[in-house]
$ cat work.cif   # mmCIF, C-alpha atoms
data_target
#
loop_
_atom_site.group_PDB
_atom_site.id
_atom_site.type_symbol
_atom_site.label_atom_id
_atom_site.label_comp_id
_atom_site.auth_asym_id
_atom_site.auth_seq_id
_atom_site.Cartn_x
_atom_site.Cartn_y
_atom_site.Cartn_z
ATOM 1 C CA MET A 12 0.000 0.000 0.000
ATOM 2 C CA ASP A 13 1.445 3.400 -0.891
ATOM 3 C CA VAL A 14 1.788 6.530 1.262
ATOM 4 C CA ALA A 15 -1.408 8.098 -0.033
ATOM 5 C CA ALA A 16 -3.592 5.051 0.437
ATOM 6 C CA ARG A 17 -2.281 4.366 3.937
ATOM 7 C CA SER A 18 -2.713 7.937 5.097
ATOM 8 C CA ALA A 19 -6.204 8.215 3.628
ATOM 9 C CA ARG A 20 -7.409 5.428 5.906
ATOM 10 C CA ARG A 21 -6.804 7.535 8.969
ATOM 11 C CA SER A 22 -9.026 10.303 10.226
ATOM 12 C CA ALA A 23 -8.077 13.973 10.407
ATOM 13 C CA PRO A 24 -7.380 15.770 13.682
ATOM 14 C CA PRO A 25 -10.078 18.211 14.812
ATOM 15 C CA TRP A 26 -8.246 21.233 13.385
ATOM 16 C CA HIS A 27 -7.294 19.508 10.166
ATOM 17 C CA PRO A 28 -7.654 22.067 7.386
ATOM 18 C CA VAL A 29 -10.685 21.389 5.270
ATOM 19 C CA HIS A 30 -10.774 22.083 1.564
ATOM 20 C CA ASP A 31 -13.802 21.799 -0.637
ATOM 21 C CA GLY A 32 -11.814 20.271 -3.473
ATOM 22 C CA ASP A 33 -14.033 19.772 -6.463
ATOM 23 C CA GLY A 34 -17.152 19.917 -4.311
ATOM 24 C CA ARG A 35 -18.163 16.336 -5.069
ATOM 25 C CA ARG A 36 -16.215 14.716 -2.242
ATOM 26 C CA PRO A 37 -16.873 15.204 1.472
ATOM 27 C CA ALA A 38 -14.875 18.250 2.609
ATOM 28 C CA VAL A 39 -12.741 16.355 5.151
ATOM 29 C CA THR A 40 -11.804 13.645 2.649
ATOM 30 C CA ALA A 41 -10.893 16.309 0.142
ATOM 31 C CA GLY A 42 -8.745 17.999 2.828
ATOM 32 C CA ILE A 43 -6.903 14.758 3.595
ATOM 33 C CA ASN A 44 -6.368 14.041 -0.079
ATOM 34 C CA HIS A 45 -5.080 17.561 -0.592
ATOM 35 C CA GLU A 46 -2.531 17.064 2.183
ATOM 36 C CA ILE A 47 -1.509 13.630 0.913
ATOM 37 C CA ASP A 48 -0.936 15.172 -2.490
ATOM 38 C CA LEU A 49 1.289 17.830 -0.885
ATOM 39 C CA VAL A 50 3.258 15.180 1.033
ATOM 40 C CA VAL A 51 3.798 13.085 -2.094
ATOM 41 C CA ARG A 52 5.003 16.160 -3.988
ATOM 42 C CA ALA A 53 7.255 17.272 -1.106
ATOM 43 C CA ARG A 54 8.791 13.794 -0.990
ATOM 44 C CA ALA A 55 9.609 14.221 -4.656
ATOM 45 C CA GLY A 56 11.508 17.417 -3.804
ATOM 46 C CA ASP A 57 8.806 20.020 -4.459
ATOM 47 C CA ARG A 58 9.616 22.759 -1.938
ATOM 48 C CA ASP A 59 6.539 24.769 -2.783
ATOM 49 C CA ALA A 60 4.415 21.792 -1.689
ATOM 50 C CA PHE A 61 6.383 21.561 1.560
ATOM 51 C CA GLU A 62 5.884 25.270 2.205
ATOM 52 C CA ARG A 63 2.156 24.708 1.893
ATOM 53 C CA LEU A 64 2.446 21.966 4.499
ATOM 54 C CA VAL A 65 4.244 24.485 6.710
ATOM 55 C CA ARG A 66 1.314 26.870 6.301
ATOM 56 C CA LEU A 67 -1.114 24.093 7.251
ATOM 57 C CA HIS A 68 0.678 22.994 10.418
ATOM 58 C CA ALA A 69 3.057 25.666 11.728
ATOM 59 C CA ASP A 70 0.612 27.568 13.919
ATOM 60 C CA ARG A 71 -0.847 24.513 15.644
ATOM 61 C CA LEU A 72 2.590 23.023 16.190
ATOM 62 C CA TYR A 73 3.779 26.338 17.609
ATOM 63 C CA ALA A 74 0.839 26.349 20.059
ATOM 64 C CA VAL A 75 1.743 22.829 21.234
ATOM 65 C CA VAL A 76 5.430 23.586 21.689
ATOM 66 C CA LEU A 77 4.714 26.893 23.403
ATOM 67 C CA ARG A 78 2.452 25.134 25.865
ATOM 68 C CA VAL A 79 5.120 22.476 26.489
ATOM 69 C CA SER A 80 8.070 24.854 26.822
ATOM 70 C CA GLY A 81 6.356 27.914 28.335
ATOM 71 C CA ASP A 82 8.824 30.110 26.476
ATOM 72 C CA ALA A 83 7.869 31.906 23.258
ATOM 73 C CA HIS A 84 11.428 32.311 21.986
ATOM 74 C CA GLU A 85 12.275 28.676 22.615
ATOM 75 C CA ALA A 86 9.010 27.538 20.989
ATOM 76 C CA GLU A 87 9.786 29.572 17.875
ATOM 77 C CA GLU A 88 13.246 28.069 17.627
ATOM 78 C CA VAL A 89 11.938 24.530 18.169
ATOM 79 C CA VAL A 90 9.260 24.875 15.480
ATOM 80 C CA GLN A 91 11.737 26.247 12.950
ATOM 81 C CA GLU A 92 14.160 23.399 13.701
ATOM 82 C CA THR A 93 11.297 20.918 13.418
ATOM 83 C CA PHE A 94 10.372 22.002 9.912
ATOM 84 C CA LEU A 95 14.013 22.139 8.807
ATOM 85 C CA ARG A 96 14.489 18.594 10.073
ATOM 86 C CA ALA A 97 11.205 17.467 8.488
ATOM 87 C CA TRP A 98 12.197 18.887 5.087
ATOM 88 C CA ARG A 99 15.639 17.281 5.230
ATOM 89 C CA ASN A 100 14.110 13.923 6.185
ATOM 90 C CA ILE A 101 10.820 13.968 4.302
ATOM 91 C CA ASP A 102 11.903 10.909 2.304
ATOM 92 C CA ARG A 103 11.874 8.958 5.576
ATOM 93 C CA PHE A 104 8.157 9.602 6.065
ATOM 94 C CA GLN A 105 6.659 6.249 5.109
ATOM 95 C CA GLY A 106 2.995 7.046 5.694
ATOM 96 C CA ARG A 107 2.641 4.579 8.561
ATOM 97 C CA SER A 108 1.105 7.449 10.536
ATOM 98 C CA GLN A 109 -0.585 10.700 9.561
ATOM 99 C CA PHE A 110 1.793 13.403 8.376
ATOM 100 C CA PHE A 111 0.965 15.651 11.315
ATOM 101 C CA THR A 112 1.764 12.934 13.893
ATOM 102 C CA TRP A 113 5.137 12.379 12.194
ATOM 103 C CA LEU A 114 5.729 16.122 12.261
ATOM 104 C CA TYR A 115 4.648 16.474 15.893
ATOM 105 C CA ARG A 116 6.949 13.576 16.833
ATOM 106 C CA ILE A 117 9.879 15.508 15.396
ATOM 107 C CA GLY A 118 8.625 18.593 17.272
ATOM 108 C CA VAL A 119 8.312 16.715 20.566
ATOM 109 C CA ASN A 120 11.834 15.310 20.225
ATOM 110 C CA GLU A 121 13.151 18.735 19.319
ATOM 111 C CA ALA A 122 11.393 20.251 22.359
ATOM 112 C CA ARG A 123 12.909 17.520 24.536
ATOM 113 C CA ARG A 124 16.410 18.320 23.244
ATOM 114 C CA SER A 125 15.804 22.010 23.783
ATOM 115 C CA GLN A 126 14.661 21.421 27.379
ATOM 116 C CA GLU A 127 17.740 19.312 28.056
ATOM 117 C CA ARG A 128 19.940 22.122 26.756
ATOM 118 C CA ARG A 129 18.376 24.645 29.100
ATOM 119 C CA ARG A 130 17.962 22.331 32.084
ATOM 120 C CA ALA A 131 20.581 24.267 33.999
ATOM 121 C CA ARG A 132 18.690 27.504 33.417
ATOM 122 C CA PRO A 133 15.864 28.614 35.749
ATOM 123 C CA GLN A 134 12.283 27.566 35.020
ATOM 124 C CA SER A 135 10.252 29.932 32.848
ATOM 125 C CA ALA A 136 7.449 31.959 34.296
ATOM 126 C CA PRO A 137 3.945 30.921 33.183
ATOM 127 C CA LEU A 138 3.034 31.984 29.687
ATOM 128 C CA ALA A 139 2.413 35.683 29.298
ATOM 129 C CA ASP A 140 -1.236 36.581 28.846
ATOM 130 C CA ALA A 141 -0.623 38.434 25.622
ATOM 131 C CA GLU A 142 0.553 35.218 24.008
ATOM 132 C CA THR A 143 -2.296 32.986 24.971
ATOM 133 C CA GLN A 144 -5.290 34.694 26.407
ATOM 134 C CA ILE A 145 -8.345 35.808 24.559
ATOM 135 C CA PRO A 146 -10.408 37.971 26.899
ATOM 136 C CA ASP A 147 -14.027 36.947 27.175
ATOM 137 C CA GLU A 148 -15.912 40.225 27.173
ATOM 138 C CA ARG A 149 -19.150 38.471 28.131
ATOM 139 C CA GLN A 150 -17.803 37.748 31.615
ATOM 140 C CA ALA A 151 -18.294 40.165 34.481
ATOM 141 C CA PRO A 152 -15.036 41.766 35.740
ATOM 142 C CA GLN A 153 -14.857 39.607 38.861
ATOM 143 C CA ALA A 154 -15.543 36.394 36.957
ATOM 144 C CA ARG A 155 -12.950 37.442 34.392
ATOM 145 C CA ALA A 156 -10.374 38.021 37.104
ATOM 146 C CA GLU A 157 -11.104 34.608 38.631
ATOM 147 C CA SER A 158 -10.912 32.915 35.277
ATOM 148 C CA HIS A 159 -7.606 34.678 34.653
ATOM 149 C CA GLU A 160 -6.222 33.506 38.006
ATOM 150 C CA LEU A 161 -7.387 29.944 37.454
ATOM 151 C CA ARG A 162 -5.771 29.946 34.063
ATOM 152 C CA ARG A 163 -2.471 31.078 35.528
ATOM 153 C CA ALA A 164 -2.700 28.378 38.212
ATOM 154 C CA LEU A 165 -3.348 25.772 35.534
ATOM 155 C CA GLU A 166 -0.465 26.956 33.385
ATOM 156 C CA ALA A 167 1.891 26.902 36.349
ATOM 157 C CA ALA A 168 0.734 23.379 37.242
ATOM 158 C CA ILE A 169 1.325 22.183 33.679
ATOM 159 C CA LEU A 170 4.813 23.683 33.573
ATOM 160 C CA ALA A 171 5.626 22.102 36.941
ATOM 161 C CA LEU A 172 5.026 18.615 35.502
ATOM 162 C CA PRO A 173 8.027 16.635 34.296
ATOM 163 C CA LEU A 174 8.251 16.896 30.517
ATOM 164 C CA GLU A 175 7.272 13.259 29.955
ATOM 165 C CA TYR A 176 3.958 13.902 31.745
ATOM 166 C CA ARG A 177 3.429 17.420 30.434
ATOM 167 C CA MET A 178 3.507 16.343 26.802
ATOM 168 C CA PRO A 179 0.688 13.765 27.005
ATOM 169 C CA LEU A 180 -1.483 16.268 28.861
ATOM 170 C CA VAL A 181 -0.881 19.039 26.317
ATOM 171 C CA LEU A 182 -1.377 16.800 23.285
ATOM 172 C CA ARG A 183 -4.487 15.032 24.581
ATOM 173 C CA ASP A 184 -6.282 17.472 26.849
ATOM 174 C CA VAL A 185 -5.274 20.898 25.566
ATOM 175 C CA GLU A 186 -4.777 20.237 21.858
ATOM 176 C CA GLY A 187 -7.490 17.607 21.591
ATOM 177 C CA LEU A 188 -5.642 14.795 19.845
ATOM 178 C CA SER A 189 -7.154 11.345 20.290
ATOM 179 C CA THR A 190 -5.385 8.960 22.661
ATOM 180 C CA ALA A 191 -4.140 6.929 19.688
ATOM 181 C CA GLN A 192 -2.788 10.004 17.892
ATOM 182 C CA ALA A 193 -1.100 11.438 20.975
ATOM 183 C CA ALA A 194 0.420 8.062 21.920
ATOM 184 C CA ASP A 195 1.706 7.795 18.359
ATOM 185 C CA VAL A 196 3.353 11.221 18.615
ATOM 186 C CA MET A 197 4.968 10.214 21.905
ATOM 187 C CA GLU A 198 5.988 6.815 20.473
ATOM 188 C CA LEU A 199 4.321 5.101 23.421
ATOM 189 C CA GLY A 200 1.901 2.207 23.647
ATOM 190 C CA GLU A 201 -1.615 3.330 24.570
ATOM 191 C CA ALA A 202 -1.444 1.756 28.044
ATOM 192 C CA ALA A 203 1.802 3.553 28.905
ATOM 193 C CA PHE A 204 0.456 6.786 27.445
ATOM 194 C CA LYS A 205 -2.772 6.562 29.446
ATOM 195 C CA SER A 206 -0.864 5.882 32.640
ATOM 196 C CA ARG A 207 1.207 9.067 32.199
ATOM 197 C CA LEU A 208 -1.853 11.049 31.197
ATOM 198 C CA HIS A 209 -3.762 9.926 34.285
ATOM 199 C CA ARG A 210 -0.921 10.901 36.614
ATOM 200 C CA ALA A 211 -0.535 14.258 34.889
ATOM 201 C CA ARG A 212 -4.272 14.940 35.155
ATOM 202 C CA LEU A 213 -4.321 14.113 38.841
ATOM 203 C CA ALA A 214 -1.398 16.439 39.507
ATOM 204 C CA VAL A 215 -3.022 19.318 37.623
ATOM 205 C CA ARG A 216 -6.364 18.557 39.259
ATOM 206 C CA GLU A 217 -4.791 19.170 42.642
ATOM 207 C CA ALA A 218 -3.748 22.642 41.527
ATOM 208 C CA VAL A 219 -7.296 23.394 40.352
ATOM 209 C CA ASP A 220 -8.766 22.079 43.603
ATOM 210 C CA HIS A 221 -6.331 24.158 45.601
ATOM 211 C CA PHE A 222 -7.323 27.256 43.636
ATOM 212 C CA VAL A 223 -11.045 26.591 44.067
ATOM 213 C CA ALA A 224 -10.631 25.953 47.828
ATOM 214 C CA GLN A 225 -8.694 29.207 48.264
ATOM 215 C CA ARG A 226 -11.292 31.144 46.282
ATOM 216 C CA ASP A 227 -14.144 29.689 48.319
ATOM 217 C CA ASP A 228 -12.366 30.612 51.560
ATOM 218 C CA THR A 229 -12.155 34.281 50.628
ATOM 219 C CA MET B 21 -18.524 -9.516 61.541
ATOM 220 C CA ILE B 22 -16.762 -11.511 58.816
ATOM 221 C CA ARG B 23 -19.291 -10.320 56.273
ATOM 222 C CA ARG B 24 -18.601 -6.703 57.210
ATOM 223 C CA LEU B 25 -14.850 -7.286 56.957
ATOM 224 C CA LEU B 26 -15.231 -8.823 53.521
ATOM 225 C CA ALA B 27 -17.457 -5.950 52.383
ATOM 226 C CA LYS B 28 -14.885 -3.427 53.593
ATOM 227 C CA ARG B 29 -12.089 -5.271 51.815
ATOM 228 C CA ARG B 30 -14.114 -5.326 48.607
ATOM 229 C CA PHE B 31 -14.908 -1.641 48.971
ATOM 230 C CA MET B 32 -11.179 -0.825 49.264
ATOM 231 C CA ARG B 33 -10.342 -2.950 46.221
ATOM 232 C CA ASP B 34 -13.004 -1.115 44.208
ATOM 233 C CA HIS B 35 -11.763 2.187 45.597
ATOM 234 C CA ARG B 36 -8.228 1.583 44.326
ATOM 235 C CA PHE B 37 -9.578 0.330 41.018
ATOM 236 C CA THR B 38 -11.786 3.401 40.612
ATOM 237 C CA GLN B 39 -9.042 5.854 41.523
ATOM 238 C CA ALA B 40 -6.754 4.199 38.963
ATOM 239 C CA HIS B 41 -9.358 4.208 36.197
ATOM 240 C CA LEU B 42 -11.127 7.548 36.555
ATOM 241 C CA SER B 43 -9.330 8.970 33.508
ATOM 242 C CA ASP B 44 -10.420 6.010 31.401
ATOM 243 C CA TYR B 45 -13.926 6.431 32.791
ATOM 244 C CA VAL B 46 -14.240 10.106 31.814
ATOM 245 C CA ASP B 47 -12.711 9.342 28.406
ATOM 246 C CA GLY B 48 -15.301 6.591 27.847
ATOM 247 C CA ASP B 49 -12.519 4.030 27.470
ATOM 248 C CA LEU B 50 -13.803 1.445 29.949
ATOM 249 C CA ARG B 51 -15.595 -1.664 28.817
ATOM 250 C CA SER B 52 -18.966 -2.511 30.275
ATOM 251 C CA PRO B 53 -18.040 -4.629 33.357
ATOM 252 C CA GLU B 54 -15.273 -2.204 34.377
ATOM 253 C CA ARG B 55 -17.489 0.823 33.824
ATOM 254 C CA GLU B 56 -20.221 -0.732 35.936
ATOM 255 C CA ARG B 57 -17.727 -1.515 38.686
ATOM 256 C CA VAL B 58 -16.602 2.131 38.739
ATOM 257 C CA GLU B 59 -20.175 3.422 38.689
ATOM 258 C CA GLU B 60 -21.232 1.117 41.497
ATOM 259 C CA HIS B 61 -18.312 2.300 43.610
ATOM 260 C CA LEU B 62 -18.979 5.961 42.776
ATOM 261 C CA HIS B 63 -22.489 5.502 44.101
ATOM 262 C CA TRP B 64 -21.145 4.605 47.558
ATOM 263 C CA CYS B 65 -17.927 6.621 47.737
ATOM 264 C CA PRO B 66 -18.119 10.410 48.236
ATOM 265 C CA GLU B 67 -14.325 10.732 47.983
ATOM 266 C CA CYS B 68 -14.236 9.201 44.503
ATOM 267 C CA ARG B 69 -17.220 11.324 43.458
ATOM 268 C CA ARG B 70 -15.307 14.410 44.537
ATOM 269 C CA VAL B 71 -12.211 13.364 42.576
ATOM 270 C CA LEU B 72 -14.356 12.632 39.525
ATOM 271 C CA GLU B 73 -16.064 16.002 39.722
ATOM 272 C CA SER B 74 -12.797 17.899 40.022
ATOM 273 C CA LEU B 75 -11.200 15.811 37.271
ATOM 274 C CA ARG B 76 -14.049 16.777 34.952
ATOM 275 C CA ARG B 77 -13.686 20.435 35.906
ATOM 276 C CA THR B 78 -9.940 20.243 35.276
ATOM 277 C CA LEU B 79 -10.469 18.743 31.830
ATOM 278 C CA MET B 80 -12.902 21.527 30.951
ATOM 279 C CA GLU B 81 -10.362 24.116 32.055
ATOM 280 C CA LEU B 82 -7.571 22.417 30.109
ATOM 281 C CA MET B 83 -9.694 22.431 26.980
ATOM 282 C CA GLY B 84 -10.195 26.149 27.509
ATOM 283 C CA LEU B 85 -6.452 26.750 27.293
ATOM 284 C CA ARG B 86 -6.483 25.897 23.628
ATOM 285 C CA THR B 87 -6.461 29.158 21.740
ATOM 286 C CA PRO B 88 -5.887 30.020 18.103
ATOM 287 C CA PRO B 89 -2.547 31.709 17.431
ATOM 288 C CA HIS B 90 -2.701 35.503 17.189
ATOM 289 C CA GLU B 91 -0.604 35.686 14.056
ATOM 290 C CA SER B 92 0.589 33.192 11.517
ATOM 291 C CA PHE B 93 3.900 31.697 12.389
ATOM 292 C CA ALA B 94 4.412 30.077 8.980
ATOM 293 C CA PRO B 95 6.169 33.013 7.187
ATOM 294 C CA SER B 96 9.123 33.009 9.594
ATOM 295 C CA VAL B 97 9.527 29.230 9.193
ATOM 296 C CA ILE B 98 9.399 29.547 5.405
ATOM 297 C CA ASP B 99 11.953 32.379 5.483
ATOM 298 C CA ARG B 100 14.358 30.223 7.428
ATOM 299 C CA LEU B 101 13.755 27.217 5.174
ATOM 300 C CA ARG B 102 14.596 29.326 2.133
ATOM 301 C CA ARG B 103 17.728 30.684 3.773
ATOM 302 C CA GLU B 104 19.093 27.401 5.040
ATOM 303 C CA THR B 105 18.116 24.795 2.470
#
$ encode --input "work.cif" --output "structure tokens"
Amino acid sequence: MDVAARSARRSAPPWHPVHDGDGRRPAVTAGINHEIDLVVRARAGDRDAFERLVRLHADRLYAVVLRVSGDAHEAEEVVQETFLRAWRNIDRFQGRSQFFTWLYRIGVNEARRSQERRRARPQSAPLADAETQIPDERQAPQARAESHELRRALEAAILALPLEYRMPLVLRDVEGLSTAQAADVMELGEAAFKSRLHRARLAVREAVDHFVAQRDDT
Amino acid sequence: MIRRLLAKRRFMRDHRFTQAHLSDYVDGDLRSPERERVEEHLHWCPECRRVLESLRRTLMELMGLRTPPHESFAPSVIDRLRRET
């Protein structure tokens, strides 16, 4: 079975770009086929096709890496390195997984290397609001302030997790990948992935509970 | 007396099982007998109900962290690709 046929059997992630194609096929199928076409062309050396893949995936990958690293500059560097590495090794993509899981796997490994390099440096502060927060104008000021505080507590709890627990949580619970997709990115069996995810969730849950208890006391 | 001891032992076994499988339960990943075992225990155990409730709240909050990027990051990646390859 070739790359295109294998990839077409798998479903798209929730944010997978959707193209109408010729209008006769379901939009999602057309979107997958469009991406497969780009991958096949990129594998043949077509850089324009690869640049279109960059446009499809760069922003989402950046969001994942930013959430994992907590540092905008580092996330930018990691994403750039990821795409450079992906372009240089695109011929190694065999289509055994979706293109985006292959790409995210490179990104996760790159983020891991980057974290190891800066291990000696102090931990980043939680992500700055300007980078991540969209204010909800429908909320009353007090509710907005509470939501803002809870968000900061959550972000701090995520960044306090060891990287190997942080990544499953970000991929599955923040970015919305399926368990199978996220385990594939992490190169883990589903049982091992679920075990890490459960422990990460419980740790973050404690931070949320602590926040709620403090709020209720005041 | 013995019956009560056995019931307590069973309760603790189900308690550990439930605590270990709450993630699978909220994800809908448990098969029928396991799901029923968790639900039966949840009915009797306020501690596990509390954990479940806060786990669900945490997952909702985590989902809320997902935000679309403010600006496209692709042009800077493409610039670097063109420079270095």
$ interface_residues --input "work.cif" --of "chain A" --to "chain B" --cutoff "6 Å" --atoms "all atoms listed in the file" --output "number ranges by chain"
A: 66, 69-70, 91, 185, 209, 216
$ write_last_selection --input "work.cif" --atoms "C-alpha atoms" --output "PDB file, in the frame of the given file"
ATOM      1  CA  ARG A  66       1.314  26.870   6.301  1.00  0.00           C
ATOM      2  CA  ALA A  69       3.057  25.666  11.728  1.00  0.00           C
ATOM      3  CA  ASP A  70       0.612  27.568  13.919  1.00  0.00           C
ATOM      4  CA  GLN A  91      11.737  26.247  12.950  1.00  0.00           C
ATOM      5  CA  VAL A 185      -5.274  20.898  25.566  1.00  0.00           C
ATOM      6  CA  HIS A 209      -3.762   9.926  34.285  1.00  0.00           C
ATOM      7  CA  ARG A 216      -6.364  18.557  39.259  1.00  0.00           C
TER       8      ARG A 216
END
$ atom_distance --input "work.cif" --atom1 "CA of Ala168 (chain A)" --atom2 "CA of Ala218 (chain A)"
6.2 Å
$ closest_residue --input "work.cif" --among "A:Phe111, A:Glu121, A:Leu49, A:Val79" --to "Leu95 (chain A)" --atoms "all atoms listed in the file"
A:Glu121
$ closest_residue --input "work.cif" --among "B:His35, B:Arg23, B:Arg103, B:Arg29" --to "Trp64 (chain B)" --atoms "all atoms listed in the file"
B:His35
$ resolve_selection --input "work.cif" --expression "the PyMOL selection byres ((chain A and resi 181) around 10)" --output "tab-separated table (two decimals) with C-alpha atoms, in the coordinates of the input"
chain	number	residue	atom	x	y	z
A	74	ALA	CA	0.84	26.35	20.06
A	75	VAL	CA	1.74	22.83	21.23
A	76	VAL	CA	5.43	23.59	21.69
A	78	ARG	CA	2.45	25.13	25.86
A	79	VAL	CA	5.12	22.48	26.49
A	169	ILE	CA	1.32	22.18	33.68
A	176	TYR	CA	3.96	13.90	31.74
A	177	ARG	CA	3.43	17.42	30.43
A	178	MET	CA	3.51	16.34	26.80
A	179	PRO	CA	0.69	13.76	27.00
A	180	LEU	CA	-1.48	16.27	28.86
A	182	LEU	CA	-1.38	16.80	23.28
A	183	ARG	CA	-4.49	15.03	24.58
A	184	ASP	CA	-6.28	17.47	26.85
A	185	VAL	CA	-5.27	20.90	25.57
A	186	GLU	CA	-4.78	20.24	21.86
A	187	GLY	CA	-7.49	17.61	21.59
A	188	LEU	CA	-5.64	14.80	19.84
A	193	ALA	CA	-1.10	11.44	20.98
A	208	LEU	CA	-1.85	11.05	31.20
A	211	ALA	CA	-0.54	14.26	34.89
B	82	LEU	CA	-7.57	22.42	30.11
B	83	MET	CA	-9.69	22.43	26.98
B	85	LEU	CA	-6.45	26.75	27.29
B	86	ARG	CA	-6.48	25.90	23.63
$ atom_distance --input "work.cif" --atom1 "CA of Leu170 (chain A)" --atom2 "CA of Arg116 (chain A)"
19.7 Å
$ resolve_selection --input "work.cif" --expression "the PyMOL selection byres ((chain B and resi 57-60) around 10)" --output "PyMOL selection string"
chain B and resi 34-35+37-39+41-42+45+50+52-56+61-65+68-69
$ atom_distance --input "work.cif" --atom1 "CA of Ala167 (chain A)" --atom2 "CA of Ala203 (chain A)"
24.5 Å
$ closest_residue --input "work.cif" --among "A:Glu92, A:Asp57, A:Asp220, A:Glu85" --to "Leu161 (chain A)" --atoms "all atoms listed in the file"
A:Asp220
$ decode --input "work.cif" --residues "region 82-100 of chain A" --atoms "N, CA and C atoms" --output "compact mmCIF listing (two decimals), in the first residue's frame"
# COMPACT_ATOMS: atom_id res chain seq x y z
N ASP A 82 7.90 29.04 26.84
CA ASP A 82 8.82 30.11 26.48
C ASP A 82 8.67 30.38 24.98
N ALA A 83 8.21 31.59 24.65
CA ALA A 83 7.87 31.91 23.26
C ALA A 83 9.09 31.82 22.34
N HIS A 84 10.22 32.31 22.83
CA HIS A 84 11.43 32.31 21.99
C HIS A 84 11.87 30.87 21.71
N GLU A 85 11.86 30.08 22.77
CA GLU A 85 12.27 28.68 22.61
C GLU A 85 11.31 27.94 21.68
N ALA A 86 10.01 28.21 21.83
CA ALA A 86 9.01 27.54 20.99
C ALA A 86 9.24 27.88 19.51
N GLU A 87 9.55 29.14 19.25
CA GLU A 87 9.79 29.57 17.88
C GLU A 87 10.98 28.82 17.28
N GLU A 88 12.03 28.74 18.06
CA GLU A 88 13.25 28.07 17.63
C GLU A 88 12.97 26.58 17.37
N VAL A 89 12.24 25.96 18.29
CA VAL A 89 11.94 24.53 18.17
C VAL A 89 11.11 24.26 16.91
N VAL A 90 10.12 25.10 16.65
CA VAL A 90 9.26 24.88 15.48
C VAL A 90 10.06 25.05 14.19
N GLN A 91 10.92 26.06 14.15
CA GLN A 91 11.74 26.25 12.95
C GLN A 91 12.65 25.04 12.73
N GLU A 92 13.28 24.57 13.80
CA GLU A 92 14.16 23.40 13.70
C GLU A 92 13.37 22.17 13.26
N THR A 93 12.15 22.07 13.76
CA THR A 93 11.30 20.92 13.42
C THR A 93 11.04 20.87 11.91
N PHE A 94 10.67 22.00 11.35
CA PHE A 94 10.37 22.00 9.91
C PHE A 94 11.64 21.82 9.07
N LEU A 95 12.75 22.37 9.53
CA LEU A 95 14.01 22.14 8.81
C LEU A 95 14.33 20.65 8.79
N ARG A 96 14.20 20.03 9.95
CA ARG A 96 14.49 18.59 10.07
C ARG A 96 13.50 17.78 9.22
N ALA A 97 12.23 18.19 9.26
CA ALA A 97 11.21 17.47 8.49
C ALA A 97 11.51 17.55 6.98
N TRP A 98 11.89 18.72 6.51
CA TRP A 98 12.20 18.89 5.09
C TRP A 98 13.40 18.05 4.69
N ARG A 99 14.43 18.05 5.56
CA ARG A 99 15.64 17.28 5.23
C ARG A 99 15.38 15.77 5.26
N ASN A 100 14.36 15.36 6.02
CA ASN A 100 14.11 13.92 6.18
C ASN A 100 12.76 13.47 5.63
